[in-house]
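Next up, coords-v7.csv (CSV, C-alpha atoms):
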```
chain,number,residue,atom,x,y,z
A,1,MET,CA,-25.6,-54.6,11.4
A,2,LYS,CA,-24.2,-53.3,8.0
A,3,LYS,CA,-25.8,-53.9,4.7
A,4,ASN,CA,-24.4,-53.4,1.2
A,5,ILE,CA,-26.6,-51.2,-1.0
A,6,GLU,CA,-26.2,-50.3,-4.7
A,7,ALA,CA,-23.3,-47.9,-5.5
A,8,LYS,CA,-24.9,-44.6,-6.2
A,9,PRO,CA,-24.3,-40.9,-5.5
A,10,VAL,CA,-25.4,-40.7,-1.9
A,11,LEU,CA,-23.7,-38.5,0.7
A,12,PHE,CA,-24.9,-36.3,3.6
A,13,PRO,CA,-24.9,-33.4,3.6
A,14,THR,CA,-24.8,-32.1,0.0
A,15,PRO,CA,-25.1,-28.4,-0.6
A,16,VAL,CA,-27.7,-26.4,-2.7
A,17,LEU,CA,-25.6,-24.3,-5.0
A,18,VAL,CA,-27.1,-22.0,-7.6
A,19,VAL,CA,-24.7,-21.5,-10.5
A,20,ALA,CA,-25.2,-18.3,-12.5
A,21,THR,CA,-23.7,-17.6,-15.9
A,22,TYR,CA,-24.2,-15.5,-19.0
A,23,ASP,CA,-25.1,-17.4,-22.2
A,24,LYS,CA,-23.3,-16.5,-25.5
A,25,GLU,CA,-25.9,-13.8,-26.1
A,26,GLY,CA,-25.1,-12.3,-22.7
A,27,ASN,CA,-28.4,-13.3,-21.1
A,28,PRO,CA,-28.2,-14.3,-17.5
A,29,ASN,CA,-29.2,-17.8,-16.4
A,30,ALA,CA,-29.0,-19.9,-13.3
A,31,MET,CA,-29.3,-23.5,-12.3
A,32,THR,CA,-29.2,-25.4,-9.1
A,33,ALA,CA,-26.7,-28.2,-8.4
A,34,ALA,CA,-25.9,-30.3,-5.4
A,35,TRP,CA,-22.7,-31.9,-6.8
A,36,GLY,CA,-20.0,-29.5,-5.7
A,37,GLY,CA,-18.0,-27.9,-2.9
A,38,ILE,CA,-14.8,-26.3,-1.8
A,39,CYS,CA,-11.8,-28.3,-3.2
A,40,CYS,CA,-8.7,-26.1,-2.4
A,41,SER,CA,-7.8,-23.5,0.3
A,42,SER,CA,-5.0,-21.8,-1.6
A,43,PRO,CA,-5.8,-20.6,-4.2
A,44,PRO,CA,-9.4,-20.9,-2.9
A,45,CYS,CA,-11.3,-23.1,-5.4
A,46,VAL,CA,-14.8,-24.5,-5.6
A,47,THR,CA,-16.1,-27.3,-7.8
A,48,ILE,CA,-19.4,-27.7,-9.5
A,49,SER,CA,-20.4,-30.7,-11.6
A,50,LEU,CA,-22.9,-30.4,-14.5
A,51,ARG,CA,-24.5,-32.7,-17.0
A,52,LYS,CA,-23.4,-31.8,-20.6
A,53,ALA,CA,-27.1,-31.5,-21.6
A,54,THR,CA,-27.6,-28.5,-19.4
A,55,TYR,CA,-27.7,-25.0,-20.8
A,56,THR,CA,-25.3,-23.8,-18.1
A,57,TYR,CA,-22.7,-26.3,-19.3
A,58,SER,CA,-22.6,-24.7,-22.8
A,59,SER,CA,-22.5,-21.2,-21.3
A,60,LEU,CA,-19.6,-22.2,-19.0
A,61,MET,CA,-17.7,-23.7,-21.9
A,62,GLU,CA,-18.0,-20.3,-23.6
A,63,THR,CA,-17.4,-17.8,-20.8
A,64,LYS,CA,-15.2,-19.9,-18.4
A,65,ALA,CA,-16.8,-17.9,-15.6
A,66,TYR,CA,-19.6,-18.4,-13.0
A,67,THR,CA,-20.9,-17.4,-9.7
A,68,ILE,CA,-22.0,-19.8,-6.9
A,69,ASN,CA,-25.0,-18.3,-5.0
A,70,VAL,CA,-26.0,-19.7,-1.7
A,71,PRO,CA,-29.7,-19.5,-1.0
A,72,GLY,CA,-31.1,-19.2,2.5
A,73,LYS,CA,-34.3,-21.1,3.5
A,74,ARG,CA,-36.5,-18.2,2.5
A,75,HIS,CA,-35.6,-18.8,-1.1
A,76,VAL,CA,-36.2,-22.6,-1.2
A,77,ARG,CA,-38.9,-22.3,-3.9
A,78,GLU,CA,-36.6,-20.2,-6.2
A,79,ALA,CA,-33.7,-22.5,-5.6
A,80,ASP,CA,-35.8,-25.6,-6.5
A,81,TYR,CA,-37.2,-23.9,-9.5
A,82,PHE,CA,-33.7,-23.1,-10.8
A,83,GLY,CA,-33.1,-26.8,-10.8
A,84,ILE,CA,-36.3,-27.7,-12.6
A,85,GLY,CA,-36.6,-25.3,-15.6
A,86,SER,CA,-34.0,-24.7,-18.4
A,87,GLY,CA,-32.7,-21.4,-19.4
A,88,ARG,CA,-33.0,-22.6,-23.0
A,89,ASN,CA,-36.8,-22.1,-22.8
A,90,GLU,CA,-37.4,-19.6,-20.0
A,91,ASP,CA,-36.0,-16.5,-18.4
A,92,LYS,CA,-35.6,-17.8,-14.9
A,93,PHE,CA,-34.8,-14.4,-13.4
A,94,ALA,CA,-37.9,-12.8,-14.9
A,95,VAL,CA,-40.0,-15.7,-13.6
A,96,THR,CA,-38.7,-15.5,-10.1
A,97,SER,CA,-38.3,-11.7,-10.0
A,98,LEU,CA,-34.7,-12.2,-8.7
A,99,THR,CA,-32.0,-9.8,-9.8
A,100,PRO,CA,-28.9,-10.7,-11.8
A,101,VAL,CA,-26.1,-8.3,-11.2
A,102,LYS,CA,-22.9,-8.2,-13.3
A,103,SER,CA,-20.0,-9.4,-11.2
A,104,GLU,CA,-17.0,-7.1,-10.6
A,105,HIS,CA,-14.3,-9.6,-11.4
A,106,VAL,CA,-15.7,-12.3,-13.7
A,107,ASN,CA,-18.0,-12.4,-16.7
A,108,ALA,CA,-21.0,-13.9,-14.8
A,109,PRO,CA,-24.0,-12.5,-13.0
A,110,TYR,CA,-24.6,-13.0,-9.3
A,111,ILE,CA,-28.0,-13.2,-7.6
A,112,ASN,CA,-28.5,-10.1,-5.6
A,113,GLU,CA,-31.2,-11.5,-3.2
A,114,PHE,CA,-29.0,-14.5,-2.2
A,115,PRO,CA,-26.8,-13.8,0.9
A,116,LEU,CA,-23.5,-15.3,-0.3
A,117,ASN,CA,-22.0,-15.1,-3.8
A,118,LEU,CA,-18.7,-16.5,-4.9
A,119,GLU,CA,-17.2,-15.1,-8.2
A,120,CYS,CA,-15.3,-17.9,-9.9
A,121,LYS,CA,-12.9,-18.3,-12.9
A,122,VAL,CA,-12.8,-21.8,-14.4
A,123,VAL,CA,-9.3,-23.3,-14.0
A,124,HIS,CA,-10.0,-27.0,-14.8
A,125,VAL,CA,-12.6,-28.9,-16.7
A,126,ILE,CA,-12.7,-32.6,-16.0
A,127,ASP,CA,-15.0,-35.0,-17.9
A,128,LEU,CA,-16.1,-37.7,-15.4
A,129,GLY,CA,-18.9,-39.4,-17.2
A,130,LEU,CA,-22.5,-38.2,-17.0
A,131,HIS,CA,-21.2,-35.1,-15.2
A,132,THR,CA,-18.3,-32.7,-16.0
A,133,GLN,CA,-16.5,-31.1,-13.1
A,134,PHE,CA,-15.6,-27.5,-13.3
A,135,VAL,CA,-13.0,-26.3,-10.9
A,136,GLY,CA,-13.3,-22.5,-10.3
A,137,GLU,CA,-10.9,-20.2,-8.5
A,138,ILE,CA,-12.8,-18.0,-6.2
A,139,VAL,CA,-11.6,-14.4,-7.1
A,140,ASN,CA,-14.1,-12.4,-5.1
A,141,ILE,CA,-16.8,-13.0,-2.5
A,142,LYS,CA,-19.9,-10.9,-1.9
A,143,VAL,CA,-21.9,-11.2,1.3
A,144,ASP,CA,-25.0,-9.3,2.7
A,145,GLU,CA,-23.7,-6.8,5.2
A,146,LEU,CA,-26.2,-8.0,7.8
A,147,MET,CA,-25.0,-11.6,7.6
A,148,GLU,CA,-21.4,-11.3,8.7
A,149,ASP,CA,-19.6,-10.9,12.1
A,150,ASN,CA,-17.1,-8.2,13.1
A,151,GLU,CA,-14.3,-10.1,11.4
A,152,GLN,CA,-16.0,-10.2,8.0
A,153,GLN,CA,-17.0,-13.8,8.4
A,154,PRO,CA,-20.3,-14.8,6.8
A,155,LEU,CA,-22.5,-16.3,9.5
A,156,ILE,CA,-24.2,-19.6,8.8
A,157,GLU,CA,-26.9,-19.0,11.4
A,158,GLN,CA,-27.9,-15.8,9.6
A,159,ILE,CA,-27.7,-17.3,6.2
A,160,MET,CA,-29.6,-20.5,7.0
A,161,PRO,CA,-28.3,-22.4,4.0
A,162,LEU,CA,-30.2,-25.3,2.4
A,163,ILE,CA,-29.0,-28.9,2.6
A,164,PHE,CA,-30.1,-31.5,0.0
A,165,ALA,CA,-30.5,-35.2,0.9
A,166,PRO,CA,-29.9,-37.2,-2.3
A,167,SER,CA,-31.8,-40.3,-1.3
A,168,SER,CA,-35.1,-38.9,-0.1
A,169,ARG,CA,-34.7,-35.7,-2.2
A,170,ASN,CA,-35.7,-33.3,0.6
A,171,TYR,CA,-34.3,-30.0,1.5
A,172,TYR,CA,-33.3,-29.2,5.1
A,173,THR,CA,-31.8,-26.2,6.9
A,174,ILE,CA,-29.0,-26.4,9.5
A,175,GLY,CA,-30.0,-27.3,13.0
A,176,GLU,CA,-28.3,-27.1,16.4
A,177,GLU,CA,-24.6,-26.4,16.9
A,178,VAL,CA,-23.0,-29.5,18.3
A,179,GLY,CA,-19.4,-28.4,18.8
A,180,LYS,CA,-16.4,-26.3,18.0
A,181,ALA,CA,-14.1,-27.7,15.3
A,182,PHE,CA,-10.4,-28.4,16.2
A,183,SER,CA,-11.5,-28.3,19.8
A,184,ILE,CA,-14.2,-30.7,20.9
A,185,GLY,CA,-12.1,-33.7,19.8
A,186,LYS,CA,-9.2,-32.7,22.1
A,187,CYS,CA,-10.7,-34.9,24.8
A,188,PHE,CA,-8.8,-37.7,23.0
A,189,LEU,CA,-5.4,-36.0,23.2
B,1,MET,CA,-26.4,-4.1,0.9
B,2,LYS,CA,-23.6,-6.3,-0.5
B,3,LYS,CA,-19.9,-6.1,0.6
B,4,ASN,CA,-16.8,-7.6,-0.9
B,5,ILE,CA,-14.8,-9.8,1.4
B,6,GLU,CA,-11.5,-11.5,0.9
B,7,ALA,CA,-11.5,-14.5,-1.5
B,8,LYS,CA,-11.2,-17.5,0.7
B,9,PRO,CA,-12.7,-21.0,1.0
B,10,VAL,CA,-16.1,-20.2,2.4
B,11,LEU,CA,-19.3,-22.1,1.5
B,12,PHE,CA,-22.3,-23.4,3.4
B,13,PRO,CA,-22.9,-26.2,4.0
B,14,THR,CA,-19.6,-28.2,3.9
B,15,PRO,CA,-19.7,-31.9,4.9
B,16,VAL,CA,-17.7,-33.7,7.6
B,17,LEU,CA,-16.1,-36.6,5.8
B,18,VAL,CA,-13.8,-39.1,7.5
B,19,VAL,CA,-11.5,-40.6,5.0
B,20,ALA,CA,-10.0,-44.0,5.9
B,21,THR,CA,-7.0,-45.7,4.3
B,22,TYR,CA,-4.3,-48.3,5.0
B,23,ASP,CA,-0.7,-47.0,5.1
B,24,LYS,CA,2.0,-48.8,3.3
B,25,GLU,CA,2.5,-51.1,6.3
B,26,GLY,CA,-1.2,-52.0,6.1
B,27,ASN,CA,-2.1,-50.0,9.3
B,28,PRO,CA,-5.5,-48.4,9.3
B,29,ASN,CA,-5.7,-44.6,9.6
B,30,ALA,CA,-8.4,-42.0,9.2
B,31,MET,CA,-8.6,-38.2,8.9
B,32,THR,CA,-11.5,-35.7,8.7
B,33,ALA,CA,-11.9,-33.4,5.7
B,34,ALA,CA,-14.6,-30.9,4.7
B,35,TRP,CA,-13.4,-30.2,1.2
B,36,GLY,CA,-15.2,-32.8,-0.8
B,37,GLY,CA,-18.6,-34.1,-2.1
B,38,ILE,CA,-20.3,-36.0,-4.9
B,39,CYS,CA,-19.0,-35.0,-8.3
B,40,CYS,CA,-20.6,-37.4,-10.8
B,41,SER,CA,-23.8,-39.5,-10.9
B,42,SER,CA,-22.7,-42.1,-13.4
B,43,PRO,CA,-20.3,-43.6,-12.6
B,44,PRO,CA,-21.0,-42.5,-9.1
B,45,CYS,CA,-17.9,-40.5,-7.9
B,46,VAL,CA,-17.0,-38.5,-4.8
B,47,THR,CA,-14.1,-36.1,-4.4
B,48,ILE,CA,-11.9,-35.5,-1.4
B,49,SER,CA,-9.2,-32.8,-1.2
B,50,LEU,CA,-6.1,-33.3,1.0
B,51,ARG,CA,-3.0,-31.3,1.7
B,52,LYS,CA,0.2,-33.1,0.6
B,53,ALA,CA,1.5,-32.9,4.1
B,54,THR,CA,-1.1,-35.3,5.5
B,55,TYR,CA,-0.3,-38.9,6.2
B,56,THR,CA,-3.5,-39.9,4.4
B,57,TYR,CA,-2.2,-38.2,1.2
B,58,SER,CA,0.8,-40.5,1.1
B,59,SER,CA,-1.3,-43.6,1.9
B,60,LEU,CA,-3.7,-42.7,-0.9
B,61,MET,CA,-0.9,-42.2,-3.4
B,62,GLU,CA,0.2,-45.8,-2.6
B,63,THR,CA,-3.1,-47.7,-2.4
B,64,LYS,CA,-5.4,-45.6,-4.6
B,65,ALA,CA,-8.3,-46.6,-2.4
B,66,TYR,CA,-10.2,-45.0,0.4
B,67,THR,CA,-13.5,-45.0,2.2
B,68,ILE,CA,-15.6,-42.0,3.0
B,69,ASN,CA,-17.3,-42.5,6.4
B,70,VAL,CA,-20.2,-40.2,7.4
B,71,PRO,CA,-20.3,-39.6,11.2
B,72,GLY,CA,-23.6,-38.8,12.9
B,73,LYS,CA,-23.8,-36.2,15.7
B,74,ARG,CA,-23.1,-38.8,18.4
B,75,HIS,CA,-19.6,-39.1,17.0
B,76,VAL,CA,-18.7,-35.4,16.8
B,77,ARG,CA,-15.8,-35.8,19.2
B,78,GLU,CA,-14.3,-38.7,17.3
B,79,ALA,CA,-14.8,-36.9,13.9
B,80,ASP,CA,-13.1,-33.8,15.2
B,81,TYR,CA,-10.2,-35.8,16.8
B,82,PHE,CA,-9.6,-37.5,13.4
B,83,GLY,CA,-9.0,-34.0,12.0
B,84,ILE,CA,-6.6,-32.9,14.7
B,85,GLY,CA,-4.2,-35.8,15.3
B,86,SER,CA,-1.9,-37.4,12.6
B,87,GLY,CA,-1.7,-41.1,11.9
B,88,ARG,CA,2.1,-40.7,11.6
B,89,ASN,CA,2.3,-40.3,15.4
B,90,GLU,CA,-0.8,-42.1,16.8
B,91,ASP,CA,-3.1,-45.0,16.2
B,92,LYS,CA,-6.4,-43.1,16.0
B,93,PHE,CA,-8.5,-46.2,16.0
B,94,ALA,CA,-7.0,-47.4,19.2
B,95,VAL,CA,-7.4,-43.9,20.8
B,96,THR,CA,-11.1,-43.6,19.9
B,97,SER,CA,-11.9,-47.3,20.3
B,98,LEU,CA,-13.6,-47.2,16.9
B,99,THR,CA,-13.3,-50.3,14.6
B,100,PRO,CA,-11.6,-50.4,11.2
B,101,VAL,CA,-13.0,-53.2,9.1
B,102,LYS,CA,-11.5,-54.3,5.8
B,103,SER,CA,-13.7,-53.2,2.8
B,104,GLU,CA,-15.0,-55.9,0.5
B,105,HIS,CA,-14.2,-54.1,-2.7
B,106,VAL,CA,-11.3,-51.8,-2.1
B,107,ASN,CA,-8.0,-51.9,-0.2
B,108,ALA,CA,-9.1,-49.6,2.6
B,109,PRO,CA,-10.8,-49.9,5.9
B,110,TYR,CA,-14.2,-48.5,6.8
B,111,ILE,CA,-15.3,-47.3,10.2
B,112,ASN,CA,-17.8,-49.8,11.6
B,113,GLU,CA,-19.5,-47.4,14.1
B,114,PHE,CA,-20.2,-44.7,11.5
B,115,PRO,CA,-23.6,-45.2,9.8
B,116,LEU,CA,-22.7,-44.7,6.1
B,117,ASN,CA,-19.6,-45.9,4.4
B,118,LEU,CA,-18.6,-45.4,0.7
B,119,GLU,CA,-15.9,-47.7,-0.7
B,120,CYS,CA,-13.9,-45.8,-3.4
B,121,LYS,CA,-11.3,-46.4,-6.0
B,122,VAL,CA,-9.2,-43.4,-7.1
B,123,VAL,CA,-9.7,-42.5,-10.7
B,124,HIS,CA,-8.2,-39.0,-10.9
B,125,VAL,CA,-5.6,-37.1,-8.9
B,126,ILE,CA,-5.6,-33.3,-9.6
B,127,ASP,CA,-3.0,-31.0,-8.0
B,128,LEU,CA,-4.8,-27.7,-7.3
B,129,GLY,CA,-2.3,-25.9,-5.1
B,130,LEU,CA,-2.3,-26.4,-1.3
B,131,HIS,CA,-4.8,-29.2,-1.8
B,132,THR,CA,-4.8,-32.2,-4.1
B,133,GLN,CA,-8.2,-33.5,-5.2
B,134,PHE,CA,-8.8,-37.2,-5.4
B,135,VAL,CA,-11.8,-38.3,-7.4
B,136,GLY,CA,-12.9,-41.7,-6.4
B,137,GLU,CA,-15.4,-44.0,-8.0
B,138,ILE,CA,-17.9,-45.3,-5.4
B,139,VAL,CA,-17.9,-49.1,-5.9
B,140,ASN,CA,-19.8,-50.2,-2.9
B,141,ILE,CA,-21.9,-48.6,-0.1
B,142,LYS,CA,-22.5,-49.9,3.4
B,143,VAL,CA,-25.2,-48.5,5.6
B,144,ASP,CA,-26.5,-49.5,9.1
B,145,GLU,CA,-29.6,-51.5,8.6
B,146,LEU,CA,-31.6,-49.4,11.0
B,147,MET,CA,-30.9,-46.3,9.0
B,148,GLU,CA,-32.5,-47.0,5.7
B,149,ASP,CA,-36.0,-47.0,4.4
B,150,ASN,CA,-37.9,-49.8,2.6
B,151,GLU,CA,-36.3,-48.9,-0.6
B,152,GLN,CA,-32.7,-49.2,0.7
B,153,GLN,CA,-32.3,-45.4,0.9
B,154,PRO,CA,-30.2,-44.2,3.7
B,155,LEU,CA,-32.2,-41.8,5.9
B,156,ILE,CA,-30.6,-38.5,6.7
B,157,GLU,CA,-32.9,-38.0,9.7
B,158,GLN,CA,-31.6,-41.2,11.2
B,159,ILE,CA,-28.0,-40.6,10.4
B,160,MET,CA,-28.0,-36.9,11.6
B,161,PRO,CA,-24.8,-36.0,9.7
B,162,LEU,CA,-22.5,-33.2,10.8
B,163,ILE,CA,-22.2,-29.9,8.9
B,164,PHE,CA,-19.1,-27.8,9.1
B,165,ALA,CA,-19.2,-24.0,8.8
B,166,PRO,CA,-15.8,-22.9,7.5
B,167,SER,CA,-15.9,-19.3,8.8
B,168,SER,CA,-16.9,-19.8,12.4
B,169,ARG,CA,-15.5,-23.4,12.5
B,170,ASN,CA,-18.5,-24.8,14.3
B,171,TYR,CA,-20.2,-28.1,13.7
B,172,TYR,CA,-24.0,-28.3,13.2
B,173,THR,CA,-26.5,-31.0,12.6
B,174,ILE,CA,-29.4,-30.9,10.1
B,175,GLY,CA,-32.5,-29.0,11.1
B,176,GLU,CA,-36.1,-28.9,9.9
B,177,GLU,CA,-37.2,-30.2,6.5
B,178,VAL,CA,-38.2,-27.2,4.4
B,179,GLY,CA,-39.4,-28.8,1.1
B,180,LYS,CA,-39.4,-31.5,-1.4
B,181,ALA,CA,-36.8,-31.2,-4.2
B,182,PHE,CA,-38.1,-31.0,-7.8
B,183,SER,CA,-41.4,-30.2,-6.4
B,184,ILE,CA,-41.6,-27.1,-4.1
B,185,GLY,CA,-40.4,-24.9,-7.0
B,186,LYS,CA,-43.1,-25.9,-9.3
B,187,CYS,CA,-45.1,-22.9,-8.1
B,188,PHE,CA,-43.2,-21.0,-10.7
B,189,LEU,CA,-44.1,-23.2,-13.6
```
Represent the supplied structure as structure tokens.
Amino acid sequence: MKKNIEAKPVLFPTPVLVVATYDKEGNPNAMTAAWGGICCSSPPCVTISLRKATYTYSSLMETKAYTINVPGKRHVREADYFGIGSGRNEDKFAVTSLTPVKSEHVNAPYINEFPLNLECKVVHVIDLGLHTQFVGEIVNIKVDELMEDNEQQPLIEQIMPLIFAPSSRNYYTIGEEVGKAFSIGKCFL
Amino acid sequence: MKKNIEAKPVLFPTPVLVVATYDKEGNPNAMTAAWGGICCSSPPCVTISLRKATYTYSSLMETKAYTINVPGKRHVREADYFGIGSGRNEDKFAVTSLTPVKSEHVNAPYINEFPLNLECKVVHVIDLGLHTQFVGEIVNIKVDELMEDNEQQPLIEQIMPLIFAPSSRNYYTIGEEVGKAFSIGKCFL
């Protein structure tokens, strides 16, 4: 039996994305966001939505550059902390002992200890209400060497990314593989 | 050690979202997409990116309405099939024996057997290249009664949503809970 519930931002899964920027003084900062994801294959683009009140919002409006850093489950504490504190008041990299490294292709730092890093240039800014959506073109990707296969594909089972459940506000990791895409559904053809 | 790899649409996790629409004759259709997610909390909005070549793209440009349907792992075959076939050539609901039900608030069907359904009205259409992003305001949510808690929150552990890994192109389900958001990171405060 179906029930109507209040219209609110609920979807499963949502990602745990740590967005890193330089502020206008050139200091590195990072914050965690769950509202985002891939939005175009060519050019490859990824979105991230931020509240205007965040320090990262103002940095992004200045630099028009960011990285998306994907934490594995071993960094769940750091990833959560990046979503609690504000770079206005604290140096989150110093607090967590994580390392900001200047990106090669954009004016933003990436987080060295996180296994997957996307370097992005802002190509669209769309005011949606409480959140503003930034669309970034992915111009370079960095991955930990040990976390890719022979074809330079990052491996989800090595990375063990975090998943955020908006309603219960818990983090999860990925579980069992349940099928091969573009294949398991061929039983209906 | 970090390595640069080709800039491409890779991110973990990405969701498995089944987008349902009526075509201009009023026939229900559905397709699966992994490029999308929540993009604003207020008003609650969700994005979905589609190639212009898809049948759903042309339906959406007509009706400006869609539902996002979240399959659980028991429907992995159906979800994958919705991403393989095209509604131009086949009646995907007839093939899968799933049930399209007219939404209450928008001109789009939802998939009755899928546990979570978001009814959306298109508020922005953004051409990004190969993909076009549709931003939809969530105007109503339907959830299976057995899959929510006492506070009308849909439960991810009941729904067991699918996760898509873009590089290996496998589906996964969620795994173990690894922490409480806005809490586990307080160890750094």
How far is it from CA of Val123 (chain A) to CA of Glu104 (chain A), in Å with one decimal?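 Taking CA of Val123 (chain A) as the start and CA of Glu104 (chain A) as the end point, the length is 18.3 Å.
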Write out as a ChimeraX atom specification the residues lying within 9 Å of Lys121 (chain B), counting only C-alpha atoms and excluding same-chain residues fewer than 6 positions away. /B:64-67,105-107,135-139
Counting all atoms listed in the file, which residues come within 12 Å of (-18.6, -51.6, 9.7), with the point read in the file's coordinates, and could you list them as number ranges by chain? A: 1-4; B: 67, 69-70, 98-104, 109-119, 141-145
Saved selection, atoms kept: C-alpha atoms, as an mmCIF file, in the frame of the given file:
```cif
data_model
loop_
_atom_site.group_PDB
_atom_site.id
_atom_site.type_symbol
_atom_site.label_atom_id
_atom_site.label_comp_id
_atom_site.auth_asym_id
_atom_site.auth_seq_id
_atom_site.Cartn_x
_atom_site.Cartn_y
_atom_site.Cartn_z
ATOM 1 C CA MET A 1 -25.600 -54.600 11.400
ATOM 2 C CA LYS A 2 -24.200 -53.300 8.000
ATOM 3 C CA LYS A 3 -25.800 -53.900 4.700
ATOM 4 C CA ASN A 4 -24.400 -53.400 1.200
ATOM 5 C CA THR B 67 -13.500 -45.000 2.200
ATOM 6 C CA ASN B 69 -17.300 -42.500 6.400
ATOM 7 C CA VAL B 70 -20.200 -40.200 7.400
ATOM 8 C CA LEU B 98 -13.600 -47.200 16.900
ATOM 9 C CA THR B 99 -13.300 -50.300 14.600
ATOM 10 C CA PRO B 100 -11.600 -50.400 11.200
ATOM 11 C CA VAL B 101 -13.000 -53.200 9.100
ATOM 12 C CA LYS B 102 -11.500 -54.300 5.800
ATOM 13 C CA SER B 103 -13.700 -53.200 2.800
ATOM 14 C CA GLU B 104 -15.000 -55.900 0.500
ATOM 15 C CA PRO B 109 -10.800 -49.900 5.900
ATOM 16 C CA TYR B 110 -14.200 -48.500 6.800
ATOM 17 C CA ILE B 111 -15.300 -47.300 10.200
ATOM 18 C CA ASN B 112 -17.800 -49.800 11.600
ATOM 19 C CA GLU B 113 -19.500 -47.400 14.100
ATOM 20 C CA PHE B 114 -20.200 -44.700 11.500
ATOM 21 C CA PRO B 115 -23.600 -45.200 9.800
ATOM 22 C CA LEU B 116 -22.700 -44.700 6.100
ATOM 23 C CA ASN B 117 -19.600 -45.900 4.400
ATOM 24 C CA LEU B 118 -18.600 -45.400 0.700
ATOM 25 C CA GLU B 119 -15.900 -47.700 -0.700
ATOM 26 C CA ILE B 141 -21.900 -48.600 -0.100
ATOM 27 C CA LYS B 142 -22.500 -49.900 3.400
ATOM 28 C CA VAL B 143 -25.200 -48.500 5.600
ATOM 29 C CA ASP B 144 -26.500 -49.500 9.100
ATOM 30 C CA GLU B 145 -29.600 -51.500 8.600
#
```
How far is it from CA of Tyr55 (chain B) to CA of Met160 (chain B), in Å with one decimal? 28.3 Å
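The space separating CA of Asp91 (chain A) from CA of Asn29 (chain A) comes to 7.2 Å.
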Please list, as a ChimeraX atom specification, the residues that have an atom at most 10 Å away from (-21.8, -42.3, -3.1) in the coordinates of this file, counting all atoms listed in the file. /A:6-12,166 /B:37-41,43-47,68,116-120,136-141
When distances are computed from all atoms listed in the file, which of B:Thr54, B:Thr96, B:Asn89, B:Asn150 shows the smallest separation from chain A? B:Thr96
When distances are computed from all atoms listed in the file, which of B:Asp23, B:Asp127, B:Glu62, B:Glu176 shows the smallest separation from chain A?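 With all atoms listed in the file as the atom set, the closest residue is B:Glu176.
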Write out as a list of chain:residue names each polymer residue whose atoms come within 8 Å of Ala79 (chain B), counting all atoms listed in the file; drop sequence neighbours fewer than 5 positions from it.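 Within the cut-off, the hits are A:Gly185, B:Val16, B:Val18, B:Thr32, B:Pro71.
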Using only C-alpha atoms, determine which residues lie at most 12 Å from Tyr57 (chain B), disregarding the query and same-chain residues fewer than 3 positions distant; provide the list as an NGL selection string. :B and (19-24 or 29-31 or 33 or 48-54 or 60-66 or 86-88 or 125 or 127 or 131-134)
Would you write out those residues with C-alpha atoms, as a PDB file, in the frame of the given file?
```pdb
ATOM      1  CA  VAL B  19     -11.500 -40.600   5.000  1.00  0.00           C
ATOM      2  CA  ALA B  20     -10.000 -44.000   5.900  1.00  0.00           C
ATOM      3  CA  THR B  21      -7.000 -45.700   4.300  1.00  0.00           C
ATOM      4  CA  TYR B  22      -4.300 -48.300   5.000  1.00  0.00           C
ATOM      5  CA  ASP B  23      -0.700 -47.000   5.100  1.00  0.00           C
ATOM      6  CA  LYS B  24       2.000 -48.800   3.300  1.00  0.00           C
ATOM      7  CA  ASN B  29      -5.700 -44.600   9.600  1.00  0.00           C
ATOM      8  CA  ALA B  30      -8.400 -42.000   9.200  1.00  0.00           C
ATOM      9  CA  MET B  31      -8.600 -38.200   8.900  1.00  0.00           C
ATOM     10  CA  ALA B  33     -11.900 -33.400   5.700  1.00  0.00           C
ATOM     11  CA  ILE B  48     -11.900 -35.500  -1.400  1.00  0.00           C
ATOM     12  CA  SER B  49      -9.200 -32.800  -1.200  1.00  0.00           C
ATOM     13  CA  LEU B  50      -6.100 -33.300   1.000  1.00  0.00           C
ATOM     14  CA  ARG B  51      -3.000 -31.300   1.700  1.00  0.00           C
ATOM     15  CA  LYS B  52       0.200 -33.100   0.600  1.00  0.00           C
ATOM     16  CA  ALA B  53       1.500 -32.900   4.100  1.00  0.00           C
ATOM     17  CA  THR B  54      -1.100 -35.300   5.500  1.00  0.00           C
ATOM     18  CA  LEU B  60      -3.700 -42.700  -0.900  1.00  0.00           C
ATOM     19  CA  MET B  61      -0.900 -42.200  -3.400  1.00  0.00           C
ATOM     20  CA  GLU B  62       0.200 -45.800  -2.600  1.00  0.00           C
ATOM     21  CA  THR B  63      -3.100 -47.700  -2.400  1.00  0.00           C
ATOM     22  CA  LYS B  64      -5.400 -45.600  -4.600  1.00  0.00           C
ATOM     23  CA  ALA B  65      -8.300 -46.600  -2.400  1.00  0.00           C
ATOM     24  CA  TYR B  66     -10.200 -45.000   0.400  1.00  0.00           C
ATOM     25  CA  SER B  86      -1.900 -37.400  12.600  1.00  0.00           C
ATOM     26  CA  GLY B  87      -1.700 -41.100  11.900  1.00  0.00           C
ATOM     27  CA  ARG B  88       2.100 -40.700  11.600  1.00  0.00           C
ATOM     28  CA  VAL B 125      -5.600 -37.100  -8.900  1.00  0.00           C
ATOM     29  CA  ASP B 127      -3.000 -31.000  -8.000  1.00  0.00           C
ATOM     30  CA  HIS B 131      -4.800 -29.200  -1.800  1.00  0.00           C
ATOM     31  CA  THR B 132      -4.800 -32.200  -4.100  1.00  0.00           C
ATOM     32  CA  GLN B 133      -8.200 -33.500  -5.200  1.00  0.00           C
ATOM     33  CA  PHE B 134      -8.800 -37.200  -5.400  1.00  0.00           C
TER      34      PHE B 134
END
```
Using all atoms listed in the file, which of the listed residues (A:Ile174, A:Ile126, A:Leu146, A:Ala108) sits closest to chain B?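 Nearest candidate to chain B out of A:Ile174, A:Ile126, A:Leu146, A:Ala108: A:Ile174.
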